[in-house]
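Have a look at data-v3.txt below; it lists compact mmCIF, C-alpha atoms.
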```txt
# COMPACT_ATOMS: atom_id res chain seq x y z
CA MET A 22 0.00 0.00 0.00
CA PHE A 23 1.04 3.54 -0.78
CA GLY A 24 1.67 5.97 2.06
CA TYR A 25 1.89 9.74 1.85
CA LEU A 26 2.50 12.24 4.59
CA ALA A 27 2.79 15.99 4.41
CA SER A 28 2.93 19.13 6.49
CA MET A 29 1.43 22.38 5.29
CA ARG A 30 1.59 25.86 6.77
CA THR A 31 -1.58 27.95 6.79
CA THR A 32 -1.77 31.68 6.93
CA PRO A 33 -2.23 32.79 10.54
CA GLY A 34 -5.71 32.16 11.93
CA HIS A 35 -6.83 29.86 9.11
CA ARG A 36 -5.72 26.44 10.33
CA ASP A 37 -9.13 25.40 11.64
CA ARG A 38 -10.81 26.35 8.37
CA VAL A 39 -8.29 24.36 6.31
CA ILE A 40 -8.62 21.38 8.66
CA ALA A 41 -12.41 21.55 8.17
CA LEU A 42 -11.89 21.46 4.40
CA LEU A 43 -9.52 18.49 4.66
CA THR A 44 -11.75 16.47 6.99
CA GLY A 45 -15.07 17.54 5.46
CA GLY A 46 -15.04 15.18 2.49
CA VAL A 47 -13.25 12.16 3.93
CA ASP A 48 -16.23 9.82 3.83
CA GLY A 49 -15.99 9.72 0.04
CA LEU A 50 -12.29 8.83 0.06
CA ARG A 51 -12.80 5.19 1.06
CA ALA A 52 -14.57 4.49 -2.22
CA LEU A 53 -11.55 6.00 -4.03
CA GLY A 54 -9.15 3.53 -2.41
CA CYS A 55 -8.10 5.45 0.68
CA THR A 56 -7.82 3.41 3.89
CA LEU A 57 -6.32 6.09 6.15
CA TYR A 58 -6.64 9.86 6.04
CA LEU A 59 -5.32 11.33 9.28
CA VAL A 60 -5.39 15.09 9.79
CA GLY A 61 -3.55 16.60 12.73
CA ALA A 62 -2.94 20.07 14.13
CA SER A 63 0.72 20.53 15.01
CA ALA A 64 1.24 20.62 18.77
CA THR A 65 4.22 22.95 18.45
CA ASP A 66 3.20 25.38 15.67
CA ASP A 67 -0.26 26.99 15.50
CA ASP A 68 -0.17 27.32 11.72
CA VAL A 69 0.93 23.80 10.74
CA ILE A 70 -1.22 20.85 9.71
CA TRP A 71 0.06 17.28 9.35
CA VAL A 72 -1.64 14.76 7.08
CA THR A 73 -0.85 11.06 6.87
CA GLU A 74 -2.60 9.03 4.17
CA VAL A 75 -2.66 5.37 3.08
CA TRP A 76 -4.00 4.38 -0.33
CA GLU A 77 -4.32 1.08 -2.16
CA SER A 78 -1.75 2.43 -4.64
CA ARG A 79 -0.03 5.62 -5.78
CA GLU A 80 -2.38 5.60 -8.78
CA HIS A 81 -5.43 5.62 -6.48
CA HIS A 82 -3.96 8.61 -4.66
CA GLU A 83 -3.17 10.52 -7.85
CA ALA A 84 -6.62 9.76 -9.35
CA SER A 85 -8.28 11.22 -6.25
CA LEU A 86 -6.59 14.58 -6.86
CA SER A 87 -8.50 15.04 -10.11
CA ARG A 88 -11.90 14.45 -8.50
CA PRO A 89 -14.12 17.58 -8.68
CA GLU A 90 -14.85 17.61 -4.96
CA VAL A 91 -11.14 17.25 -4.11
CA ARG A 92 -10.13 19.95 -6.61
CA ALA A 93 -12.80 22.25 -5.14
CA ALA A 94 -11.51 21.74 -1.59
CA ILE A 95 -7.91 22.36 -2.70
CA ALA A 96 -8.95 25.52 -4.56
CA GLU A 97 -10.80 26.81 -1.49
CA ALA A 98 -7.85 26.03 0.80
CA ARG A 99 -5.10 27.41 -1.43
CA PRO A 100 -5.53 31.11 -0.47
CA MET A 101 -5.14 30.07 3.18
CA LEU A 102 -1.88 28.17 2.57
CA THR A 103 1.57 29.79 2.49
CA GLY A 104 3.03 27.21 0.12
CA ASP A 105 5.40 25.99 2.85
CA VAL A 106 4.85 22.24 2.39
CA THR A 107 6.91 19.17 3.19
CA SER A 108 5.99 15.71 2.01
CA ALA A 109 7.19 12.14 1.94
CA GLU A 110 6.07 8.98 0.22
CA PHE A 111 6.46 5.51 1.70
CA THR A 112 5.47 1.91 1.24
CA VAL A 113 3.39 0.63 4.15
CA ALA A 114 5.45 -2.02 5.96
CA GLY A 115 2.99 -2.89 8.70
CA GLY A 116 1.67 -1.80 12.03
CA LEU A 117 -1.55 -1.51 14.01
CA GLY A 118 -4.90 -0.10 12.95
CA ILE A 119 -4.08 0.27 9.28
CA MET B 59 -6.03 12.10 20.69
CA PHE B 60 -2.27 12.47 20.57
CA GLY B 61 -0.44 12.05 17.28
CA TYR B 62 3.25 11.47 16.75
CA LEU B 63 5.17 11.02 13.54
CA ALA B 64 8.85 10.52 12.97
CA SER B 65 11.44 9.60 10.40
CA MET B 66 14.56 7.66 11.29
CA ARG B 67 17.60 6.79 9.20
CA THR B 68 19.04 3.30 9.52
CA THR B 69 22.57 2.28 8.75
CA PRO B 70 22.76 0.95 5.19
CA GLY B 71 21.21 -2.49 4.72
CA HIS B 72 19.44 -2.58 8.10
CA ARG B 73 16.08 -0.98 7.29
CA ASP B 74 14.19 -4.26 6.99
CA ARG B 75 15.53 -5.50 10.31
CA VAL B 76 14.53 -2.29 12.10
CA ILE B 77 11.10 -2.38 10.45
CA ALA B 78 10.69 -5.94 11.72
CA LEU B 79 11.52 -4.74 15.24
CA LEU B 80 9.03 -1.87 14.99
CA THR B 81 6.19 -4.00 13.62
CA GLY B 82 6.95 -7.15 15.63
CA GLY B 83 5.32 -6.08 18.90
CA VAL B 84 2.45 -3.94 17.65
CA ASP B 85 -0.32 -6.26 18.83
CA GLY B 86 0.46 -5.35 22.43
CA LEU B 87 0.27 -1.61 21.76
CA ARG B 88 -3.52 -1.50 21.54
CA ALA B 89 -3.79 -2.45 25.20
CA LEU B 90 -1.40 0.43 26.01
CA GLY B 91 -3.71 2.99 24.36
CA CYS B 92 -2.36 3.03 20.85
CA THR B 93 -4.98 3.17 18.07
CA LEU B 94 -2.63 3.61 15.08
CA TYR B 95 0.95 2.52 14.59
CA LEU B 96 1.89 2.88 10.93
CA VAL B 97 5.37 1.91 9.78
CA GLY B 98 6.50 2.81 6.29
CA ALA B 99 9.63 2.40 4.19
CA SER B 100 10.52 5.66 2.44
CA ALA B 101 9.87 5.44 -1.29
CA THR B 102 12.72 7.85 -2.05
CA ASP B 103 15.48 6.84 0.41
CA ASP B 104 16.45 3.21 1.04
CA ASP B 105 17.61 3.90 4.60
CA VAL B 106 14.64 5.91 5.93
CA ILE B 107 11.64 4.67 7.90
CA TRP B 108 8.52 6.72 8.60
CA VAL B 109 6.31 6.05 11.61
CA THR B 110 2.93 7.66 12.31
CA GLU B 111 1.28 6.90 15.63
CA VAL B 112 -2.01 7.83 17.34
CA TRP B 113 -2.44 7.37 21.08
CA GLU B 114 -5.27 8.10 23.51
CA SER B 115 -2.97 10.73 25.07
CA ARG B 116 0.65 11.89 25.23
CA GLU B 117 0.86 10.17 28.61
CA HIS B 118 -0.16 6.82 27.09
CA HIS B 119 2.57 7.26 24.48
CA GLU B 120 5.23 8.17 27.03
CA ALA B 121 4.24 5.32 29.34
CA SER B 122 4.66 2.84 26.49
CA LEU B 123 8.31 3.85 26.11
CA SER B 124 9.13 2.50 29.55
CA ARG B 125 7.61 -0.92 28.87
CA PRO B 126 10.26 -3.71 28.97
CA GLU B 127 9.34 -5.07 25.54
CA VAL B 128 9.47 -1.60 23.98
CA ARG B 129 12.78 -0.76 25.67
CA ALA B 130 14.19 -4.10 24.44
CA ALA B 131 13.15 -3.37 20.84
CA ILE B 132 14.63 0.15 21.01
CA ALA B 133 17.88 -1.21 22.45
CA GLU B 134 18.13 -3.81 19.69
CA ALA B 135 17.39 -1.23 16.99
CA ARG B 136 19.70 1.52 18.28
CA PRO B 137 22.97 0.12 16.78
CA MET B 138 21.23 0.07 13.38
CA LEU B 139 20.12 3.72 13.60
CA THR B 140 22.31 6.68 12.62
CA GLY B 141 20.61 9.08 15.03
CA ASP B 142 19.24 11.13 12.12
CA VAL B 143 15.66 11.50 13.32
CA THR B 144 12.90 14.01 12.66
CA SER B 145 9.68 14.08 14.63
CA ALA B 146 6.47 16.03 15.06
CA GLU B 147 3.62 15.94 17.52
CA PHE B 148 0.04 16.79 16.65
CA THR B 149 -3.48 16.70 17.96
CA VAL B 150 -5.72 14.48 15.85
CA ALA B 151 -8.29 16.70 14.14
CA GLY B 152 -10.16 14.05 12.20
CA GLY B 153 -10.07 11.94 9.09
CA LEU B 154 -10.81 8.43 7.85
CA GLY B 155 -9.81 5.12 9.38
CA ILE B 156 -8.48 6.47 12.65
```

Please rewrite the model in this file as structure tokens.
Amino acid sequence: MFGYLASMRTTPGHRDRVIALLTGGVDGLRALGCTLYLVGASATDDDVIWVTEVWESREHHEASLSRPEVRAAIAEARPMLTGDVTSAEFTVAGGLGI
Amino acid sequence: MFGYLASMRTTPGHRDRVIALLTGGVDGLRALGCTLYLVGASATDDDVIWVTEVWESREHHEASLSRPEVRAAIAEARPMLTGDVTSAEFTVAGGLGI
């Protein structure tokens, strides 16, 4: 399974709104091949969001990004993001609750 | 809920062994308050492991680190780790599959 994790920095005061956008449409992601979509508010920086995702494959993840509802959420969030993003891709090796 | 994610660099050729140590004891973590323990092999660096964890609280996470079986796994892994570690803590805001 394909894993993706990223941090993103929001403009000050907008983290909650961006988190709401990220978590708002998650129910539809399972049908697209997503098995984990974890959104977290950094405990050490008020403007940073962490996301960890697990998908059946990289292709499932990439296909989701062209979905209208996903594109709409990204477009709405973009003005509230500074562009300061980190990301990593991994192959799921195992664990608990995946 | 308390979230923790980290990357760790292994010494060359030891990533699989360290992954086995990390994933070997996960069944016992649920009883310690862990709801997600995701171990991934970086897709872009052969020596890097990513871990994303979710715990009922920071205290549950910290208490787990003093468990004999966890200390033993850390001690066995340590010689195969370079010390190059990144980590982040977050509060779980929501998502899918958590």

- Point (-0.2, 12.6, 18.5) neighbourhood (9 Å, all atoms listed in the file) written as a PyMOL selection string: (chain A and resi 61+63-64) or (chain B and resi 59-63+110-116+119+146-150)

Residues as selected, C-alpha atoms, written as a JSON list (two decimals), in the frame of the given file, can you do that?
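Listing of part31.json after writing:
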```
[["chain", "number", "residue", "atom", "x", "y", "z"],
["A", 61, "GLY", "CA", -3.55, 16.60, 12.73],
["A", 63, "SER", "CA", 0.72, 20.53, 15.01],
["A", 64, "ALA", "CA", 1.24, 20.62, 18.77],
["B", 59, "MET", "CA", -6.03, 12.10, 20.69],
["B", 60, "PHE", "CA", -2.27, 12.47, 20.57],
["B", 61, "GLY", "CA", -0.44, 12.05, 17.28],
["B", 62, "TYR", "CA", 3.25, 11.47, 16.75],
["B", 63, "LEU", "CA", 5.17, 11.02, 13.54],
["B", 110, "THR", "CA", 2.93, 7.66, 12.31],
["B", 111, "GLU", "CA", 1.28, 6.90, 15.63],
["B", 112, "VAL", "CA", -2.01, 7.83, 17.34],
["B", 113, "TRP", "CA", -2.44, 7.37, 21.08],
["B", 114, "GLU", "CA", -5.27, 8.10, 23.51],
["B", 115, "SER", "CA", -2.97, 10.73, 25.07],
["B", 116, "ARG", "CA", 0.65, 11.89, 25.23],
["B", 119, "HIS", "CA", 2.57, 7.26, 24.48],
["B", 146, "ALA", "CA", 6.47, 16.03, 15.06],
["B", 147, "GLU", "CA", 3.62, 15.94, 17.52],
["B", 148, "PHE", "CA", 0.04, 16.79, 16.65],
["B", 149, "THR", "CA", -3.48, 16.70, 17.96],
["B", 150, "VAL", "CA", -5.72, 14.48, 15.85]]
```

- What residues have an atom no more than 8 Å from (-6.1, 26.1, 11.4) in the file's own frame, counting only C-alpha atoms, and can you write them as a ChimeraX atom specification? /A:31,33-40,62,67-70

- Contacts of Val143 in chain B at 8 Å or less, counting only C-alpha atoms, minus same-chain residues fewer than 5 places along, as a VMD selection string? chain B and resid 64 to 67

- Fewer than 6 positions away in the same chain doesn't count, so skip those; otherwise give me all residues within 10 Å of Gly86 in chain B, counting all atoms listed in the file, as a list in words.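 Listed by chain and then number, they are Leu117 of chain A; Cys92, Glu127 and Val128 of chain B.
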
- Using all atoms listed in the file, pick whichever of B:Asp142, B:Thr93, B:Glu117, B:Ala133 has the shortest atom-to-atom distance to Gly155 in chain B.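 Distance minimum relative to Gly155 in chain B lands on B:Thr93.
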
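Distance annotation: of A:Gly104, A:Trp71, A:Arg92, A:Leu59, the residue with the minimal separation from Ile119 in chain A is A:Leu59; atom set is only C-alpha atoms.
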
- Query: Separation of CA of Pro100 in chain A and CA of Thr32 in chain A, in Å?
  - Reply: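 Rounded to one decimal, the two atoms are 8.3 Å apart.
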
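Remark: for chain A, the closest of the candidate residues B:Ala89, B:Leu80, B:Ala135, B:Leu123 is B:Leu80 (distances computed over only C-alpha atoms).
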
- Task: Fewer than 3 positions away in the same chain doesn't count, so skip those; otherwise give me all residues within 6 Å of Val60 in chain A, counting only C-alpha atoms, as a ChimeraX atom specification.
- Result: /A:71-72 /B:151-153

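Across the structure, CA of Leu57 in chain A and CA of Ser85 in chain A are spaced 13.6 Å apart.
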
- Query: Can you tell me how far CA of Ile132 in chain B sits from CA of Glu120 in chain B, in Å to one decimal?
  - Reply: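 It comes out at 13.7 Å.
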
- Message: Let me make sure I understand: among B:Thr144, B:Leu90, B:Ala130, B:Tyr95, which one has the smallest atom-to-atom distance to chain A if we use all atoms listed in the file?
- Response: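 The answer is B:Tyr95, which sits nearest to chain A.
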
What box, with edges along x, y and z, holds each listed atom of range 68-79 of chain B when 6 Å is added on every side, and can you state its centre and edge lengths in Å to one decimal, as JSON?
```
{"center_x": 16.7, "center_y": -1.3, "center_z": 10.0, "size_x": 24.1, "size_y": 21.2, "size_z": 22.5}
```

- Between B:Pro126, B:His118, B:Ala131, B:Asp103, which one has atoms that come closest to chain A, using only C-alpha atoms? B:Asp103

Since the input is missing atoms, can you rebuild N, CA and C atoms for range 127-156 of chain B and write them as a PDB file, in the coordinates of the input?
```
ATOM      1  N   GLU B 127       9.256  -4.570  26.919  1.00  0.00           N
ATOM      2  CA  GLU B 127       9.340  -5.070  25.540  1.00  0.00           C
ATOM      3  C   GLU B 127       9.660  -3.951  24.552  1.00  0.00           C
ATOM      4  N   VAL B 128       9.173  -2.731  24.867  1.00  0.00           N
ATOM      5  CA  VAL B 128       9.470  -1.600  23.980  1.00  0.00           C
ATOM      6  C   VAL B 128      10.922  -1.172  24.154  1.00  0.00           C
ATOM      7  N   ARG B 129      11.370  -1.107  25.412  1.00  0.00           N
ATOM      8  CA  ARG B 129      12.780  -0.760  25.670  1.00  0.00           C
ATOM      9  C   ARG B 129      13.707  -1.776  25.010  1.00  0.00           C
ATOM     10  N   ALA B 130      13.325  -3.065  25.040  1.00  0.00           N
ATOM     11  CA  ALA B 130      14.190  -4.100  24.440  1.00  0.00           C
ATOM     12  C   ALA B 130      14.282  -3.893  22.924  1.00  0.00           C
ATOM     13  N   ALA B 131      13.144  -3.570  22.299  1.00  0.00           N
ATOM     14  CA  ALA B 131      13.150  -3.370  20.840  1.00  0.00           C
ATOM     15  C   ALA B 131      13.983  -2.139  20.480  1.00  0.00           C
ATOM     16  N   ILE B 132      13.848  -1.073  21.254  1.00  0.00           N
ATOM     17  CA  ILE B 132      14.630   0.150  21.010  1.00  0.00           C
ATOM     18  C   ILE B 132      16.120  -0.140  21.165  1.00  0.00           C
ATOM     19  N   ALA B 133      16.468  -0.889  22.202  1.00  0.00           N
ATOM     20  CA  ALA B 133      17.880  -1.210  22.450  1.00  0.00           C
ATOM     21  C   ALA B 133      18.455  -2.035  21.308  1.00  0.00           C
ATOM     22  N   GLU B 134      17.643  -2.972  20.793  1.00  0.00           N
ATOM     23  CA  GLU B 134      18.130  -3.810  19.690  1.00  0.00           C
ATOM     24  C   GLU B 134      18.269  -2.997  18.394  1.00  0.00           C
ATOM     25  N   ALA B 135      17.372  -2.029  18.223  1.00  0.00           N
ATOM     26  CA  ALA B 135      17.390  -1.230  16.990  1.00  0.00           C
ATOM     27  C   ALA B 135      18.497  -0.178  17.008  1.00  0.00           C
ATOM     28  N   ARG B 136      18.811   0.346  18.176  1.00  0.00           N
ATOM     29  CA  ARG B 136      19.700   1.520  18.280  1.00  0.00           C
ATOM     30  C   ARG B 136      21.000   1.379  17.481  1.00  0.00           C
ATOM     31  N   PRO B 137      21.711   0.226  17.540  1.00  0.00           N
ATOM     32  CA  PRO B 137      22.970   0.120  16.780  1.00  0.00           C
ATOM     33  C   PRO B 137      22.769   0.227  15.266  1.00  0.00           C
ATOM     34  N   MET B 138      21.527   0.039  14.824  1.00  0.00           N
ATOM     35  CA  MET B 138      21.230   0.070  13.380  1.00  0.00           C
ATOM     36  C   MET B 138      20.618   1.415  12.980  1.00  0.00           C
ATOM     37  N   LEU B 139      20.656   2.381  13.876  1.00  0.00           N
ATOM     38  CA  LEU B 139      20.120   3.720  13.600  1.00  0.00           C
ATOM     39  C   LEU B 139      21.262   4.732  13.612  1.00  0.00           C
ATOM     40  N   THR B 140      21.224   5.693  12.689  1.00  0.00           N
ATOM     41  CA  THR B 140      22.310   6.680  12.620  1.00  0.00           C
ATOM     42  C   THR B 140      22.097   7.826  13.612  1.00  0.00           C
ATOM     43  N   GLY B 141      20.886   7.946  14.153  1.00  0.00           N
ATOM     44  CA  GLY B 141      20.610   9.080  15.030  1.00  0.00           C
ATOM     45  C   GLY B 141      19.959  10.236  14.283  1.00  0.00           C
ATOM     46  N   ASP B 142      19.899  10.116  12.971  1.00  0.00           N
ATOM     47  CA  ASP B 142      19.240  11.130  12.120  1.00  0.00           C
ATOM     48  C   ASP B 142      17.733  10.901  12.189  1.00  0.00           C
ATOM     49  N   VAL B 143      17.095  11.668  13.043  1.00  0.00           N
ATOM     50  CA  VAL B 143      15.660  11.500  13.320  1.00  0.00           C
ATOM     51  C   VAL B 143      14.957  12.840  13.185  1.00  0.00           C
ATOM     52  N   THR B 144      13.764  12.827  12.620  1.00  0.00           N
ATOM     53  CA  THR B 144      12.900  14.010  12.660  1.00  0.00           C
ATOM     54  C   THR B 144      11.609  13.555  13.345  1.00  0.00           C
ATOM     55  N   SER B 145      10.950  14.467  13.995  1.00  0.00           N
ATOM     56  CA  SER B 145       9.680  14.080  14.630  1.00  0.00           C
ATOM     57  C   SER B 145       8.758  15.279  14.741  1.00  0.00           C
ATOM     58  N   ALA B 146       7.477  14.976  14.892  1.00  0.00           N
ATOM     59  CA  ALA B 146       6.470  16.030  15.060  1.00  0.00           C
ATOM     60  C   ALA B 146       5.360  15.464  15.932  1.00  0.00           C
ATOM     61  N   GLU B 147       4.758  16.336  16.694  1.00  0.00           N
ATOM     62  CA  GLU B 147       3.620  15.940  17.520  1.00  0.00           C
ATOM     63  C   GLU B 147       2.403  16.729  17.052  1.00  0.00           C
ATOM     64  N   PHE B 148       1.243  16.080  17.093  1.00  0.00           N
ATOM     65  CA  PHE B 148       0.040  16.790  16.650  1.00  0.00           C
ATOM     66  C   PHE B 148      -1.171  16.289  17.431  1.00  0.00           C
ATOM     67  N   THR B 149      -2.200  17.099  17.394  1.00  0.00           N
ATOM     68  CA  THR B 149      -3.480  16.700  17.960  1.00  0.00           C
ATOM     69  C   THR B 149      -4.346  16.213  16.805  1.00  0.00           C
ATOM     70  N   VAL B 150      -4.916  15.034  16.948  1.00  0.00           N
ATOM     71  CA  VAL B 150      -5.720  14.480  15.850  1.00  0.00           C
ATOM     72  C   VAL B 150      -6.966  15.342  15.661  1.00  0.00           C
ATOM     73  N   ALA B 151      -7.161  15.800  14.426  1.00  0.00           N
ATOM     74  CA  ALA B 151      -8.290  16.700  14.140  1.00  0.00           C
ATOM     75  C   ALA B 151      -9.429  15.960  13.450  1.00  0.00           C
ATOM     76  N   GLY B 152      -9.117  14.817  12.859  1.00  0.00           N
ATOM     77  CA  GLY B 152     -10.160  14.050  12.200  1.00  0.00           C
ATOM     78  C   GLY B 152      -9.612  13.274  11.025  1.00  0.00           C
ATOM     79  N   GLY B 153     -10.506  12.679  10.267  1.00  0.00           N
ATOM     80  CA  GLY B 153     -10.070  11.940   9.090  1.00  0.00           C
ATOM     81  C   GLY B 153     -10.843  10.664   8.904  1.00  0.00           C
ATOM     82  N   LEU B 154     -10.219   9.721   8.223  1.00  0.00           N
ATOM     83  CA  LEU B 154     -10.810   8.430   7.850  1.00  0.00           C
ATOM     84  C   LEU B 154      -9.931   7.309   8.372  1.00  0.00           C
ATOM     85  N   GLY B 155     -10.556   6.302   8.978  1.00  0.00           N
ATOM     86  CA  GLY B 155      -9.810   5.120   9.380  1.00  0.00           C
ATOM     87  C   GLY B 155      -8.978   5.265  10.645  1.00  0.00           C
ATOM     88  N   ILE B 156      -9.318   6.230  11.451  1.00  0.00           N
ATOM     89  CA  ILE B 156      -8.480   6.470  12.650  1.00  0.00           C
ATOM     90  C   ILE B 156      -9.086   5.737  13.861  1.00  0.00           C
TER      91      ILE B 156
END
```
